[in-house]
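Asker: Okay, here's the structure, questions in a sec.
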Amino acid sequence: MGGMFGRRTKKAGGPRTVTLIGKPGCHLCDDARAVIERVCAETGAVWEEKDILQDEALHRAYWEQIPVVLVDGEQHTFWKVDAARLRRALGG
């Protein structure tokens, strides 16, 4: 691990970012989205969603695991999102 990935580029005080990597028509992704929306609303984190079918690098990295959840760009969990664990990761 070298380059910028080894360092934390997180700015102190900024909102945490949760990324949901999934695909259309995925029931587990829908479940994950509901948890993420709720936890981010509670903790003030921002969230985004990426379609694995639109991104070749994400497809190679995560296809077997979707939905995948990243926190500030680092993998947090996959398949099932635990709201309490996500809340702790976000400091909420």
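Ordering of the structure tokens sets the chain letters (A, B, ...); residue numbers start at 1 within each chain; ligands are numbered from 1 in the order shown.
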Output as JSON lines one row per residue of region 52-75 of chain A within 8 Å of region 21-43 of chain A: the closest atom pair and its distance in Å to one decimal place, counting only C-alpha atoms, sorted by chain and residue number ascending.

Answerer:
```
{"residue": "A:Ile52", "atom": "CA", "partner": "A:Gly22", "partner_atom": "CA", "distance": 5.6}
{"residue": "A:Leu53", "atom": "CA", "partner": "A:Lys23", "partner_atom": "CA", "distance": 6.5}
{"residue": "A:Leu58", "atom": "CA", "partner": "A:Ile21", "partner_atom": "CA", "distance": 8.0}
{"residue": "A:Ile66", "atom": "CA", "partner": "A:Gly22", "partner_atom": "CA", "distance": 5.5}
{"residue": "A:Pro67", "atom": "CA", "partner": "A:Gly22", "partner_atom": "CA", "distance": 4.8}
{"residue": "A:Val68", "atom": "CA", "partner": "A:Ile21", "partner_atom": "CA", "distance": 5.1}
{"residue": "A:Val69", "atom": "CA", "partner": "A:Ile21", "partner_atom": "CA", "distance": 6.3}
```

Asker: Limited to all heavy atoms, could you put the picked residues into a file as a PDB file, in the first residue's frame?

Answerer:
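In the end it all went to out-v9.pdb:
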```
ATOM      1  N   ILE A  52     -22.548  -0.684  -9.680  1.00  0.00           N
ATOM      2  CA  ILE A  52     -21.394  -1.516 -10.020  1.00  0.00           C
ATOM      3  C   ILE A  52     -21.361  -1.851 -11.514  1.00  0.00           C
ATOM      4  O   ILE A  52     -20.292  -2.117 -12.070  1.00  0.00           O
ATOM      5  CB  ILE A  52     -21.400  -2.796  -9.155  1.00  0.00           C
ATOM      6  CG1 ILE A  52     -20.006  -3.428  -9.118  1.00  0.00           C
ATOM      7  CG2 ILE A  52     -22.468  -3.775  -9.628  1.00  0.00           C
ATOM      8  CD1 ILE A  52     -19.838  -4.469  -8.030  1.00  0.00           C
ATOM      9  N   LEU A  53     -22.515  -1.819 -12.162  1.00  0.00           N
ATOM     10  CA  LEU A  53     -22.564  -2.131 -13.583  1.00  0.00           C
ATOM     11  C   LEU A  53     -21.984  -1.008 -14.444  1.00  0.00           C
ATOM     12  O   LEU A  53     -21.668  -1.213 -15.614  1.00  0.00           O
ATOM     13  CB  LEU A  53     -24.011  -2.410 -14.018  1.00  0.00           C
ATOM     14  CG  LEU A  53     -24.707  -3.551 -13.271  1.00  0.00           C
ATOM     15  CD1 LEU A  53     -26.142  -3.696 -13.761  1.00  0.00           C
ATOM     16  CD2 LEU A  53     -23.952  -4.861 -13.431  1.00  0.00           C
ATOM     17  N   LEU A  58     -14.906  -1.044  -9.966  1.00  0.00           N
ATOM     18  CA  LEU A  58     -15.749  -1.499  -8.857  1.00  0.00           C
ATOM     19  C   LEU A  58     -16.247  -2.911  -9.123  1.00  0.00           C
ATOM     20  O   LEU A  58     -16.310  -3.742  -8.209  1.00  0.00           O
ATOM     21  CB  LEU A  58     -16.946  -0.560  -8.669  1.00  0.00           C
ATOM     22  CG  LEU A  58     -16.662   0.851  -8.164  1.00  0.00           C
ATOM     23  CD1 LEU A  58     -17.964   1.647  -8.077  1.00  0.00           C
ATOM     24  CD2 LEU A  58     -15.969   0.825  -6.808  1.00  0.00           C
ATOM     25  N   ILE A  66     -21.515  -7.574  -3.393  1.00  0.00           N
ATOM     26  CA  ILE A  66     -22.516  -6.511  -3.302  1.00  0.00           C
ATOM     27  C   ILE A  66     -23.753  -6.937  -2.509  1.00  0.00           C
ATOM     28  O   ILE A  66     -24.142  -8.105  -2.556  1.00  0.00           O
ATOM     29  CB  ILE A  66     -22.922  -5.967  -4.696  1.00  0.00           C
ATOM     30  CG1 ILE A  66     -23.478  -7.056  -5.581  1.00  0.00           C
ATOM     31  CG2 ILE A  66     -21.802  -5.185  -5.310  1.00  0.00           C
ATOM     32  CD1 ILE A  66     -24.131  -6.534  -6.842  1.00  0.00           C
ATOM     33  N   PRO A  67     -24.378  -5.998  -1.812  1.00  0.00           N
ATOM     34  CA  PRO A  67     -23.955  -4.597  -1.689  1.00  0.00           C
ATOM     35  C   PRO A  67     -22.732  -4.454  -0.789  1.00  0.00           C
ATOM     36  O   PRO A  67     -22.609  -5.144   0.219  1.00  0.00           O
ATOM     37  CB  PRO A  67     -25.163  -3.925  -1.051  1.00  0.00           C
ATOM     38  CG  PRO A  67     -25.818  -5.015  -0.259  1.00  0.00           C
ATOM     39  CD  PRO A  67     -25.600  -6.274  -1.046  1.00  0.00           C
ATOM     40  N   VAL A  68     -21.861  -3.545  -1.169  1.00  0.00           N
ATOM     41  CA  VAL A  68     -20.669  -3.226  -0.389  1.00  0.00           C
ATOM     42  C   VAL A  68     -20.840  -1.815   0.161  1.00  0.00           C
ATOM     43  O   VAL A  68     -21.334  -0.927  -0.537  1.00  0.00           O
ATOM     44  CB  VAL A  68     -19.395  -3.301  -1.264  1.00  0.00           C
ATOM     45  CG1 VAL A  68     -18.162  -2.866  -0.483  1.00  0.00           C
ATOM     46  CG2 VAL A  68     -19.210  -4.716  -1.791  1.00  0.00           C
ATOM     47  N   VAL A  69     -20.446  -1.620   1.406  1.00  0.00           N
ATOM     48  CA  VAL A  69     -20.536  -0.307   2.031  1.00  0.00           C
ATOM     49  C   VAL A  69     -19.128   0.166   2.377  1.00  0.00           C
ATOM     50  O   VAL A  69     -18.365  -0.548   3.038  1.00  0.00           O
ATOM     51  CB  VAL A  69     -21.406  -0.351   3.306  1.00  0.00           C
ATOM     52  CG1 VAL A  69     -21.458   1.032   3.964  1.00  0.00           C
ATOM     53  CG2 VAL A  69     -22.810  -0.842   2.973  1.00  0.00           C
TER      54      VAL A  69
END
```

Asker: Using backbone DSSP assignments, extract all strand (DSSP E) residues from chain A; output them as a ChimeraX atom specification.

Answerer: /A:17-22,46-51,68-71,74-78

Asker: If you run DSSP on the backbone here, which positions in region 24-88 of chain A get alpha helix (DSSP H)? Please write them as JSON, numbers by chain.

Answerer: {"A": [27, 28, 29, 30, 31, 32, 33, 34, 35, 36, 37, 38, 39, 40, 41, 42, 43, 56, 57, 58, 59, 60, 61, 62, 83, 84, 85, 86, 87, 88]}

Asker: Quick one: of A:Leu90, A:Val18, A:Gln75, A:Ala84, who's nearest to Val46 (chain A), counting only C-alpha atoms?

Answerer: A:Val18

Asker: Tell me which of A:Gly44, A:Arg88, A:Gly14, A:Thr19 sits closest to Asp72 (chain A), counting only C-alpha atoms.

Answerer: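 Using only C-alpha atoms, Asp72 (chain A) sits closest to A:Thr19.
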
Asker: Rounded to one decimal place, report the CA of Gln54 (chain A)-CA of Arg87 (chain A) distance in Å.

Answerer: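 Computing the Euclidean distance for CA of Gln54 (chain A) and CA of Arg87 (chain A) yields 28.4 Å.
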